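Below is protein-v2.pdb, which holds PDB, C-alpha atoms, pLDDT in the B column.
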```
ATOM      1  CA  MET A   5      11.519   5.273  -9.523  1.00 96.00           C
ATOM      2  CA  ILE A   6       8.666   2.817  -8.977  1.00 98.00           C
ATOM      3  CA  LEU A   7       6.155   3.155  -6.118  1.00 98.00           C
ATOM      4  CA  ILE A   8       4.550  -0.145  -5.080  1.00 98.00           C
ATOM      5  CA  LYS A   9       1.742  -0.809  -2.585  1.00 98.00           C
ATOM      6  CA  LEU A  10       1.502  -4.337  -1.184  1.00 98.00           C
ATOM      7  CA  GLY A  11      -2.127  -4.525  -0.108  1.00 96.00           C
ATOM      8  CA  GLY A  12      -3.129  -5.994   3.234  1.00 95.00           C
ATOM      9  CA  SER A  13      -5.317  -8.533   1.432  1.00 93.00           C
ATOM     10  CA  ILE A  14      -2.302  -9.969  -0.398  1.00 96.00           C
ATOM     11  CA  ILE A  15       0.265 -10.066   2.416  1.00 98.00           C
ATOM     12  CA  THR A  16      -2.179 -11.357   5.063  1.00 97.00           C
ATOM     13  CA  ASN A  17      -5.233 -13.571   5.262  1.00 95.00           C
ATOM     14  CA  LYS A  18      -7.903 -11.012   6.121  1.00 86.00           C
ATOM     15  CA  GLU A  19     -10.331 -13.743   7.161  1.00 88.00           C
ATOM     16  CA  LYS A  20      -8.000 -14.883   9.956  1.00 93.00           C
ATOM     17  CA  PRO A  21      -6.707 -12.336  12.512  1.00 93.00           C
ATOM     18  CA  LEU A  22      -2.940 -11.855  12.720  1.00 95.00           C
ATOM     19  CA  SER A  23      -2.084 -14.238   9.877  1.00 97.00           C
ATOM     20  CA  ALA A  24       0.669 -13.307   7.432  1.00 98.00           C
ATOM     21  CA  ARG A  25       0.820 -14.998   4.024  1.00 97.00           C
ATOM     22  CA  ARG A  26       4.542 -15.675   4.288  1.00 98.00           C
ATOM     23  CA  LYS A  27       4.889 -17.698   1.078  1.00 97.00           C
ATOM     24  CA  THR A  28       3.153 -14.957  -0.904  1.00 97.00           C
ATOM     25  CA  ILE A  29       5.417 -12.330   0.673  1.00 98.00           C
ATOM     26  CA  ASP A  30       8.467 -14.415  -0.287  1.00 98.00           C
ATOM     27  CA  ASN A  31       7.217 -14.731  -3.873  1.00 98.00           C
ATOM     28  CA  LEU A  32       6.681 -10.974  -4.055  1.00 98.00           C
ATOM     29  CA  ALA A  33      10.210 -10.366  -2.760  1.00 98.00           C
ATOM     30  CA  LYS A  34      11.679 -12.698  -5.402  1.00 97.00           C
ATOM     31  CA  SER A  35       9.874 -10.814  -8.156  1.00 97.00           C
ATOM     32  CA  LEU A  36      10.859  -7.400  -6.789  1.00 97.00           C
ATOM     33  CA  LYS A  37      14.492  -8.488  -7.050  1.00 96.00           C
ATOM     34  CA  LYS A  38      14.042  -8.631 -10.837  1.00 96.00           C
ATOM     35  CA  ILE A  39      13.226  -4.910 -11.004  1.00 96.00           C
ATOM     36  CA  GLN A  40      16.365  -3.015 -11.941  1.00 94.00           C
ATOM     37  CA  GLU A  41      15.105   0.404 -10.874  1.00 96.00           C
ATOM     38  CA  PRO A  42      14.810   2.244  -7.542  1.00 98.00           C
ATOM     39  CA  ILE A  43      11.638   1.147  -5.765  1.00 98.00           C
ATOM     40  CA  VAL A  44       9.693   2.331  -2.725  1.00 98.00           C
ATOM     41  CA  ILE A  45       7.352  -0.069  -0.927  1.00 98.00           C
ATOM     42  CA  VAL A  46       4.205   0.777   1.033  1.00 98.00           C
ATOM     43  CA  HIS A  47       2.271  -2.033   2.712  1.00 98.00           C
ATOM     44  CA  GLY A  48      -1.168  -2.280   4.269  1.00 96.00           C
ATOM     45  CA  GLY A  49      -2.267  -3.674   7.609  1.00 96.00           C
ATOM     46  CA  GLY A  50      -4.531  -6.524   6.567  1.00 94.00           C
ATOM     47  CA  SER A  51      -5.403  -8.872   9.401  1.00 95.00           C
ATOM     48  CA  TYR A  52      -2.899  -7.095  11.683  1.00 96.00           C
ATOM     49  CA  GLY A  53      -3.564  -3.336  11.833  1.00 94.00           C
ATOM     50  CA  HIS A  54      -7.101  -3.550  10.413  1.00 91.00           C
ATOM     51  CA  TYR A  55      -8.096  -6.297  12.827  1.00 92.00           C
ATOM     52  CA  TRP A  56      -7.206  -4.180  15.865  1.00 95.00           C
ATOM     53  CA  SER A  57      -8.570  -0.989  14.281  1.00 95.00           C
ATOM     54  CA  VAL A  58     -11.971  -2.627  14.005  1.00 93.00           C
ATOM     55  CA  LYS A  59     -11.774  -4.043  17.514  1.00 94.00           C
ATOM     56  CA  TYR A  60     -11.033  -0.610  18.992  1.00 96.00           C
ATOM     57  CA  ASP A  61     -13.309   1.293  16.574  1.00 96.00           C
ATOM     58  CA  MET A  62     -10.505   3.431  15.152  1.00 96.00           C
ATOM     59  CA  HIS A  63     -10.826   5.270  11.822  1.00 95.00           C
ATOM     60  CA  THR A  64      -9.097   7.712   9.494  1.00 95.00           C
ATOM     61  CA  LYS A  65     -10.853  10.649  11.205  1.00 96.00           C
ATOM     62  CA  GLU A  66      -8.751  12.414  13.872  1.00 97.00           C
ATOM     63  CA  ARG A  67     -10.365  11.692  17.249  1.00 97.00           C
ATOM     64  CA  LYS A  68      -9.616  10.743  20.851  1.00 98.00           C
ATOM     65  CA  TYR A  69      -9.453   6.981  20.389  1.00 98.00           C
ATOM     66  CA  ASP A  70      -8.723   4.390  23.063  1.00 97.00           C
ATOM     67  CA  LEU A  71      -5.005   4.756  23.811  1.00 97.00           C
ATOM     68  CA  ARG A  72      -4.758   1.018  24.406  1.00 97.00           C
ATOM     69  CA  GLY A  73      -6.003   0.499  20.861  1.00 97.00           C
ATOM     70  CA  VAL A  74      -3.477   2.978  19.454  1.00 97.00           C
ATOM     71  CA  ALA A  75      -0.638   1.151  21.186  1.00 98.00           C
ATOM     72  CA  ILE A  76      -1.823  -2.270  19.982  1.00 97.00           C
ATOM     73  CA  VAL A  77      -2.357  -1.155  16.366  1.00 97.00           C
ATOM     74  CA  LYS A  78       1.159   0.318  16.231  1.00 97.00           C
ATOM     75  CA  ASN A  79       2.665  -2.806  17.765  1.00 97.00           C
ATOM     76  CA  SER A  80       0.853  -5.083  15.310  1.00 97.00           C
ATOM     77  CA  MET A  81       2.029  -3.027  12.325  1.00 98.00           C
ATOM     78  CA  ILE A  82       5.626  -3.281  13.521  1.00 97.00           C
ATOM     79  CA  GLU A  83       5.146  -7.050  13.789  1.00 98.00           C
ATOM     80  CA  LEU A  84       3.847  -7.292  10.214  1.00 98.00           C
ATOM     81  CA  ASN A  85       6.520  -4.933   8.933  1.00 98.00           C
ATOM     82  CA  LYS A  86       9.203  -7.129  10.521  1.00 98.00           C
ATOM     83  CA  ILE A  87       7.848 -10.188   8.683  1.00 98.00           C
ATOM     84  CA  ILE A  88       8.161  -8.307   5.386  1.00 98.00           C
ATOM     85  CA  LEU A  89      11.640  -6.984   6.178  1.00 98.00           C
ATOM     86  CA  ASP A  90      12.812 -10.489   7.114  1.00 98.00           C
ATOM     87  CA  SER A  91      11.468 -11.872   3.844  1.00 98.00           C
ATOM     88  CA  PHE A  92      13.222  -9.172   1.826  1.00 98.00           C
ATOM     89  CA  LEU A  93      16.513  -9.838   3.594  1.00 98.00           C
ATOM     90  CA  LYS A  94      16.157 -13.591   3.081  1.00 98.00           C
ATOM     91  CA  ASN A  95      15.660 -12.960  -0.632  1.00 97.00           C
ATOM     92  CA  LYS A  96      18.781 -10.774  -0.936  1.00 97.00           C
ATOM     93  CA  LEU A  97      17.010  -7.407  -1.004  1.00 98.00           C
ATOM     94  CA  ASN A  98      18.115  -4.462   1.169  1.00 98.00           C
ATOM     95  CA  PRO A  99      15.006  -3.074   2.889  1.00 98.00           C
ATOM     96  CA  TYR A 100      15.122   0.176   4.828  1.00 98.00           C
ATOM     97  CA  CYS A 101      12.359   0.382   7.436  1.00 98.00           C
ATOM     98  CA  LEU A 102      10.656   3.763   7.271  1.00 98.00           C
ATOM     99  CA  PRO A 103       7.708   4.232   9.675  1.00 97.00           C
ATOM    100  CA  PRO A 104       5.307   6.962   8.493  1.00 98.00           C
ATOM    101  CA  THR A 105       6.230   9.075  11.526  1.00 97.00           C
ATOM    102  CA  ASP A 106       9.590   9.595   9.754  1.00 98.00           C
ATOM    103  CA  PHE A 107       7.941  11.746   7.079  1.00 98.00           C
ATOM    104  CA  MET A 108       4.572  12.810   8.528  1.00 98.00           C
ATOM    105  CA  THR A 109       3.598  15.521  10.992  1.00 97.00           C
ATOM    106  CA  GLY A 110       0.006  15.108  12.087  1.00 95.00           C
ATOM    107  CA  ASN A 111      -1.894  14.280   8.894  1.00 96.00           C
ATOM    108  CA  LYS A 112       0.478  16.112   6.541  1.00 97.00           C
ATOM    109  CA  PRO A 113       3.599  14.823   4.777  1.00 98.00           C
ATOM    110  CA  ILE A 114       6.892  16.667   5.320  1.00 98.00           C
ATOM    111  CA  THR A 115       8.096  17.452   1.784  1.00 98.00           C
ATOM    112  CA  LYS A 116      11.799  17.534   2.674  1.00 98.00           C
ATOM    113  CA  LYS A 117      11.569  14.149   4.415  1.00 98.00           C
ATOM    114  CA  VAL A 118       9.601  12.593   1.537  1.00 98.00           C
ATOM    115  CA  LYS A 119      12.192  13.778  -0.992  1.00 98.00           C
ATOM    116  CA  GLU A 120      14.836  12.068   1.117  1.00 98.00           C
ATOM    117  CA  ILE A 121      13.008   8.768   0.483  1.00 98.00           C
ATOM    118  CA  GLU A 122      13.902   9.042  -3.213  1.00 97.00           C
ATOM    119  CA  ARG A 123      17.580   9.492  -2.391  1.00 98.00           C
ATOM    120  CA  ILE A 124      17.436   6.430  -0.146  1.00 98.00           C
ATOM    121  CA  ALA A 125      15.823   4.394  -2.949  1.00 98.00           C
ATOM    122  CA  LYS A 126      18.390   5.543  -5.520  1.00 98.00           C
ATOM    123  CA  SER A 127      21.201   4.454  -3.203  1.00 98.00           C
ATOM    124  CA  GLY A 128      20.159   0.811  -3.603  1.00 97.00           C
ATOM    125  CA  LEU A 129      18.203   0.488  -0.386  1.00 98.00           C
ATOM    126  CA  ILE A 130      14.446  -0.190  -0.564  1.00 98.00           C
ATOM    127  CA  PRO A 131      12.415   2.142   1.668  1.00 98.00           C
ATOM    128  CA  VAL A 132       9.533   0.178   3.227  1.00 98.00           C
ATOM    129  CA  THR A 133       6.745   2.107   4.935  1.00 98.00           C
ATOM    130  CA  PHE A 134       3.211   1.188   6.005  1.00 98.00           C
ATOM    131  CA  GLY A 135      -0.224   2.297   7.131  1.00 97.00           C
ATOM    132  CA  ASP A 136      -0.319   2.999  10.861  1.00 97.00           C
ATOM    133  CA  ALA A 137      -1.999   4.696  13.822  1.00 97.00           C
ATOM    134  CA  LEU A 138      -0.537   8.195  14.111  1.00 98.00           C
ATOM    135  CA  TRP A 139      -0.495  10.952  16.693  1.00 97.00           C
ATOM    136  CA  TYR A 140      -2.367  14.045  15.502  1.00 97.00           C
ATOM    137  CA  GLY A 141      -2.111  16.379  18.497  1.00 94.00           C
ATOM    138  CA  GLN A 142      -4.426  17.500  21.306  1.00 94.00           C
ATOM    139  CA  ASN A 143      -4.654  13.867  22.450  1.00 95.00           C
ATOM    140  CA  LYS A 144      -6.103  12.862  19.081  1.00 98.00           C
ATOM    141  CA  THR A 145      -4.897  10.050  16.853  1.00 98.00           C
ATOM    142  CA  PHE A 146      -5.975   8.637  13.476  1.00 97.00           C
ATOM    143  CA  ILE A 147      -5.415   5.755  11.101  1.00 97.00           C
ATOM    144  CA  LEU A 148      -3.230   6.651   8.114  1.00 97.00           C
ATOM    145  CA  SER A 149      -3.921   4.132   5.369  1.00 96.00           C
ATOM    146  CA  GLY A 150      -1.226   2.794   3.070  1.00 96.00           C
ATOM    147  CA  ASP A 151      -3.380   3.910   0.136  1.00 96.00           C
ATOM    148  CA  LYS A 152      -3.272   7.504   1.368  1.00 97.00           C
ATOM    149  CA  ILE A 153       0.489   7.237   1.783  1.00 98.00           C
ATOM    150  CA  MET A 154       0.710   6.240  -1.892  1.00 98.00           C
ATOM    151  CA  THR A 155      -0.940   9.521  -2.906  1.00 98.00           C
ATOM    152  CA  TYR A 156       1.243  11.608  -0.586  1.00 98.00           C
ATOM    153  CA  LEU A 157       4.439  10.002  -1.915  1.00 98.00           C
ATOM    154  CA  ALA A 158       3.329  10.096  -5.550  1.00 98.00           C
ATOM    155  CA  LYS A 159       2.488  13.815  -5.393  1.00 98.00           C
ATOM    156  CA  ILE A 160       5.958  14.729  -4.126  1.00 98.00           C
ATOM    157  CA  LEU A 161       8.184  12.054  -5.702  1.00 98.00           C
ATOM    158  CA  LYS A 162       6.497  11.838  -9.147  1.00 98.00           C
ATOM    159  CA  PRO A 163       7.410   8.150  -9.694  1.00 97.00           C
ATOM    160  CA  LYS A 164       7.525   6.721 -13.205  1.00 95.00           C
ATOM    161  CA  LEU A 165       4.851   4.233 -12.212  1.00 95.00           C
ATOM    162  CA  CYS A 166       2.580   3.406  -9.253  1.00 97.00           C
ATOM    163  CA  ILE A 167       1.480  -0.194  -8.662  1.00 97.00           C
ATOM    164  CA  PHE A 168      -1.135  -1.556  -6.257  1.00 97.00           C
ATOM    165  CA  ALA A 169      -0.716  -5.311  -5.674  1.00 96.00           C
ATOM    166  CA  LEU A 170      -4.132  -6.730  -4.778  1.00 94.00           C
ATOM    167  CA  ASN A 171      -5.762 -10.071  -4.045  1.00 92.00           C
ATOM    168  CA  GLU A 172      -7.739  -9.689  -7.303  1.00 90.00           C
ATOM    169  CA  ASP A 173      -6.832  -9.273 -10.973  1.00 90.00           C
ATOM    170  CA  GLY A 174      -7.877  -5.616 -10.888  1.00 89.00           C
ATOM    171  CA  VAL A 175     -11.142  -3.665 -10.921  1.00 88.00           C
ATOM    172  CA  TYR A 176     -14.218  -5.513 -12.180  1.00 86.00           C
ATOM    173  CA  SER A 177     -17.143  -4.027 -14.078  1.00 80.00           C
ATOM    174  CA  ASP A 178     -19.264  -6.869 -12.691  1.00 74.00           C
ATOM    175  CA  LEU A 179     -18.383  -8.678  -9.470  1.00 73.00           C
ATOM    176  CA  LYS A 180     -20.351 -11.831 -10.295  1.00 75.00           C
ATOM    177  CA  SER A 181     -18.768 -12.507 -13.667  1.00 76.00           C
ATOM    178  CA  LYS A 182     -15.477 -10.842 -12.612  1.00 79.00           C
ATOM    179  CA  LYS A 183     -15.283  -9.060 -15.934  1.00 84.00           C
ATOM    180  CA  LEU A 184     -12.071  -7.056 -15.738  1.00 87.00           C
ATOM    181  CA  ILE A 185     -11.814  -3.361 -16.571  1.00 89.00           C
ATOM    182  CA  HIS A 186      -8.475  -3.026 -18.378  1.00 88.00           C
ATOM    183  CA  GLU A 187      -8.317   0.758 -18.360  1.00 88.00           C
ATOM    184  CA  LEU A 188      -9.990   3.573 -16.442  1.00 83.00           C
ATOM    185  CA  LYS A 189     -10.079   7.240 -17.381  1.00 76.00           C
ATOM    186  CA  GLY A 190     -12.219   8.716 -14.645  1.00 54.00           C
ATOM    187  CA  GLU A 191     -15.097   6.217 -14.712  1.00 53.00           C
ATOM    188  CA  ARG A 192     -16.527   5.110 -11.381  1.00 54.00           C
ATOM    189  CA  PRO A 193     -16.987   1.307 -11.331  1.00 54.00           C
ATOM    190  CA  SER A 194     -19.329  -0.429  -8.905  1.00 49.00           C
ATOM    191  CA  ILE A 195     -17.439  -2.068  -6.060  1.00 51.00           C
ATOM    192  CA  SER A 196     -18.077  -3.904  -2.806  1.00 47.00           C
ATOM    193  CA  GLU A 197     -16.419  -3.563   0.578  1.00 44.00           C
ATOM    194  CA  ASN A 198     -14.751  -5.880   3.039  1.00 44.00           C
ATOM    195  CA  LYS A 199     -16.464  -5.003   6.344  1.00 41.00           C
ATOM    196  CA  MET A 200     -13.181  -5.515   8.192  1.00 39.00           C
ATOM    197  CA  ASP A 201     -11.296  -2.820   6.233  1.00 45.00           C
ATOM    198  CA  VAL A 202     -11.782   0.423   8.152  1.00 46.00           C
ATOM    199  CA  THR A 203      -9.556   2.415   5.763  1.00 48.00           C
ATOM    200  CA  GLY A 204     -11.952   2.048   2.849  1.00 53.00           C
ATOM    201  CA  GLY A 205     -11.041  -1.143   1.001  1.00 75.00           C
ATOM    202  CA  MET A 206     -11.316  -1.006  -2.769  1.00 82.00           C
ATOM    203  CA  THR A 207     -13.184   2.302  -2.581  1.00 85.00           C
ATOM    204  CA  ARG A 208     -10.166   4.020  -1.045  1.00 87.00           C
ATOM    205  CA  LYS A 209      -7.772   2.371  -3.506  1.00 92.00           C
ATOM    206  CA  ILE A 210      -9.779   3.573  -6.498  1.00 91.00           C
ATOM    207  CA  GLU A 211     -10.097   7.075  -5.039  1.00 93.00           C
ATOM    208  CA  GLU A 212      -6.372   7.370  -4.398  1.00 95.00           C
ATOM    209  CA  ALA A 213      -5.430   5.784  -7.744  1.00 95.00           C
ATOM    210  CA  SER A 214      -7.711   8.303  -9.492  1.00 93.00           C
ATOM    211  CA  LYS A 215      -6.047  11.186  -7.648  1.00 95.00           C
ATOM    212  CA  ILE A 216      -2.596   9.944  -8.663  1.00 96.00           C
ATOM    213  CA  SER A 217      -3.598   9.469 -12.307  1.00 95.00           C
ATOM    214  CA  LYS A 218      -4.979  13.023 -12.393  1.00 94.00           C
ATOM    215  CA  MET A 219      -1.474  14.179 -11.423  1.00 95.00           C
ATOM    216  CA  GLY A 220      -0.251  12.641 -14.692  1.00 94.00           C
ATOM    217  CA  MET A 221       1.063   9.275 -13.502  1.00 95.00           C
ATOM    218  CA  ASN A 222      -0.070   5.828 -14.617  1.00 94.00           C
ATOM    219  CA  VAL A 223      -1.381   3.579 -11.845  1.00 95.00           C
ATOM    220  CA  PHE A 224      -1.659  -0.195 -12.239  1.00 95.00           C
ATOM    221  CA  PHE A 225      -3.801  -2.573 -10.171  1.00 95.00           C
ATOM    222  CA  VAL A 226      -2.325  -6.076 -10.410  1.00 95.00           C
ATOM    223  CA  ASN A 227      -2.853  -9.462  -8.776  1.00 95.00           C
ATOM    224  CA  GLY A 228      -0.164  -9.880  -6.135  1.00 95.00           C
ATOM    225  CA  ASN A 229      -0.673 -13.644  -6.205  1.00 96.00           C
ATOM    226  CA  LYS A 230       0.955 -13.465  -9.648  1.00 95.00           C
ATOM    227  CA  PRO A 231       3.912 -11.210  -8.841  1.00 95.00           C
ATOM    228  CA  GLU A 232       5.456 -11.653 -12.286  1.00 95.00           C
ATOM    229  CA  ARG A 233       2.736  -9.248 -13.430  1.00 94.00           C
ATOM    230  CA  ILE A 234       4.389  -6.526 -11.355  1.00 95.00           C
ATOM    231  CA  VAL A 235       7.657  -7.113 -13.210  1.00 95.00           C
ATOM    232  CA  LYS A 236       5.845  -7.047 -16.565  1.00 92.00           C
ATOM    233  CA  ALA A 237       4.204  -3.735 -15.691  1.00 91.00           C
ATOM    234  CA  VAL A 238       7.539  -2.170 -14.746  1.00 92.00           C
ATOM    235  CA  LYS A 239       9.256  -3.490 -17.890  1.00 88.00           C
ATOM    236  CA  ASN A 240       6.367  -2.183 -20.013  1.00 80.00           C
ATOM    237  CA  ARG A 241       5.461  -5.603 -21.331  1.00 73.00           C
ATOM    238  CA  LYS A 242       1.925  -6.908 -21.916  1.00 76.00           C
ATOM    239  CA  PHE A 243       0.043  -5.694 -18.864  1.00 80.00           C
ATOM    240  CA  GLU A 244      -2.486  -7.829 -17.014  1.00 88.00           C
ATOM    241  CA  GLY A 245      -4.713  -5.882 -14.643  1.00 92.00           C
ATOM    242  CA  THR A 246      -6.421  -2.479 -14.524  1.00 92.00           C
ATOM    243  CA  MET A 247      -4.644   0.705 -15.519  1.00 92.00           C
ATOM    244  CA  PHE A 248      -5.625   4.204 -14.420  1.00 93.00           C
ATOM    245  CA  ARG A 249      -4.108   6.226 -17.227  1.00 89.00           C
ATOM    246  CA  GLY A 250      -2.334   9.412 -16.186  1.00 88.00           C
ATOM    247  CA  LYS A 251      -3.944  12.590 -17.470  1.00 80.00           C
TER     248      LYS A 251
END
```
Output the structure of this file as structure tokens.
Amino acid sequence: MILIKLGGSIITNKEKPLSARRKTIDNLAKSLKKIQEPIVIVHGGGSYGHYWSVKYDMHTKERKYDLRGVAIVKNSMIELNKIILDSFLKNKLNPYCLPPTDFMTGNKPITKKVKEIERIAKSGLIPVTFGDALWYGQNKTFILSGDKIMTYLAKILKPKLCIFALNEDGVYSDLKSKKLIHELKGERPSISENKMDVTGGMTRKIEEASKISKMGMNVFFVNGNKPERIVKAVKNRKFEGTMFRGK
């Protein structure tokens, strides 16, 4: 089984609120069709969920956030998810919408429910879940990032490979020259943040990828604008991107 994260920066234009990159999503769907293995998809919020999260000052910490903001974030994520589902269907894939509330209770994954995701994927359907605003209890809510979902799913499902599709070629050792780091084994590269990304941007991705690799799984960061690289990674061909080697 392959676990793939479609980052918010690749499926939306983060510089423009509520703008999906529909052609890019279509190209990703066409490439995913070439993968002859069960796959599970997680997608970020980009200029949908993140835009409203910033506007209503919502974060990953469990707090009593503005209920109007919670409602709007959830609605915007459903809107973005629908765009992705429609693209998959158009490109002859069989997506299975799976909101995180289907396998989360508060801020903890439900192991039995997560294991069911693998059975769904092996049936030929493609589970598609996403970062979202979730109910925590005691009138508190929080933002669950797609990156965090990747770690939760990886820990329980033990996929053969985890892939993060980004709007960059991978992790750079130097942002100015964009010198690519091809492999990481625990090093901590210098990175910058997108001020709009309340779930942690590249910092969170690297943290979660490191956690997954320490569980023994390889994690690849690839450029989602070149979706054929995802197929190459799955088919174990020449890899282009950054790999966090499983320990």
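Atom CA of A:Ile87 to atom CA of A:Pro99 spans 11.6 Å [interatomic distance, one decimal].
Closest approach to A:Asn143 among A:Glu66, A:Pro42, A:Leu84, A:Arg25: A:Glu66, based on all atoms listed in the file.
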Q.
For a cutoff of 8 Å around the file-coordinate point (-6.5, -0.7, 11.9), which residues qualify once you count only C-alpha atoms? I'd like the result as a PyMOL selection string.
A. chain A and resi 49+52-58+62-63+77+136-137+147+201-203
Explicit residues for the PyMOL selection byres ((chain A and resi 44) around 10) (as a tab-separated table (two decimals) with C-alpha atoms, keeping the file's coordinate frame):
```tsv
chain	number	residue	atom	x	y	z
A	5	MET	CA	11.52	5.27	-9.52
A	6	ILE	CA	8.67	2.82	-8.98
A	7	LEU	CA	6.16	3.16	-6.12
A	8	ILE	CA	4.55	-0.14	-5.08
A	9	LYS	CA	1.74	-0.81	-2.58
A	41	GLU	CA	15.10	0.40	-10.87
A	42	PRO	CA	14.81	2.24	-7.54
A	43	ILE	CA	11.64	1.15	-5.76
A	45	ILE	CA	7.35	-0.07	-0.93
A	46	VAL	CA	4.20	0.78	1.03
A	99	PRO	CA	15.01	-3.07	2.89
A	100	TYR	CA	15.12	0.18	4.83
A	121	ILE	CA	13.01	8.77	0.48
A	122	GLU	CA	13.90	9.04	-3.21
A	124	ILE	CA	17.44	6.43	-0.15
A	125	ALA	CA	15.82	4.39	-2.95
A	126	LYS	CA	18.39	5.54	-5.52
A	129	LEU	CA	18.20	0.49	-0.39
A	130	ILE	CA	14.45	-0.19	-0.56
A	131	PRO	CA	12.42	2.14	1.67
A	132	VAL	CA	9.53	0.18	3.23
A	133	THR	CA	6.74	2.11	4.93
A	154	MET	CA	0.71	6.24	-1.89
A	157	LEU	CA	4.44	10.00	-1.92
A	163	PRO	CA	7.41	8.15	-9.69
A	166	CYS	CA	2.58	3.41	-9.25
```
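Minimum atom-to-atom distances from A:Ser51, A:Thr105, A:Ser149, A:Ser217 to A:Lys117 were compared using all atoms listed in the file, and the lowest value belongs to A:Thr105.
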Q | Spatial neighbours of A:Lys218, 9 Å, only C-alpha atoms, chain gap at least 5 places, as number ranges by chain | A | A: 190, 213, 249-251
Q) What do you get, as a ChimeraX atom specification, if you spell out every residue that the PyMOL selection byres ((chain A and resi 67) around 7) selects here? A) /A:65-66,68-69,144-146
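Here atom CA of A:Ile39 stands at a distance of 6.4 Å from atom CA of A:Val235.
Atom pair atom CA of A:Met247 / atom CA of A:Ile185: separated by 8.3 Å.
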Q. Between A:Gly205, A:Pro103, A:Gly73, A:Gly135, which is the closest to A:Lys18 once you count all atoms listed in the file?
A. A:Gly205
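Put simply, the PyMOL selection byres ((chain A and resi 28) around 10) on this file hits Ile14, Ile15, Thr16, Ala24, Arg25, Arg26, Lys27, Ile29, Asp30, Asn31, Leu32, Ala33, Lys34, Gly228, Asn229, Lys230 and Pro231 of chain A.
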**Q.** All residues 12 Å or closer to A:Lys209, only C-alpha atoms, same chain fewer than 2 positions away omitted, as a ChimeraX atom specification
**A.** /A:9-12,48,149-155,166-170,174-175,195,197,201,203-207,211-216,223-225,248
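You can rank A:Asp106, A:Glu172, A:Glu19, A:Asp70 by their closest distance to A:Glu244 using only C-alpha atoms, and at the top of that list sits A:Glu172.
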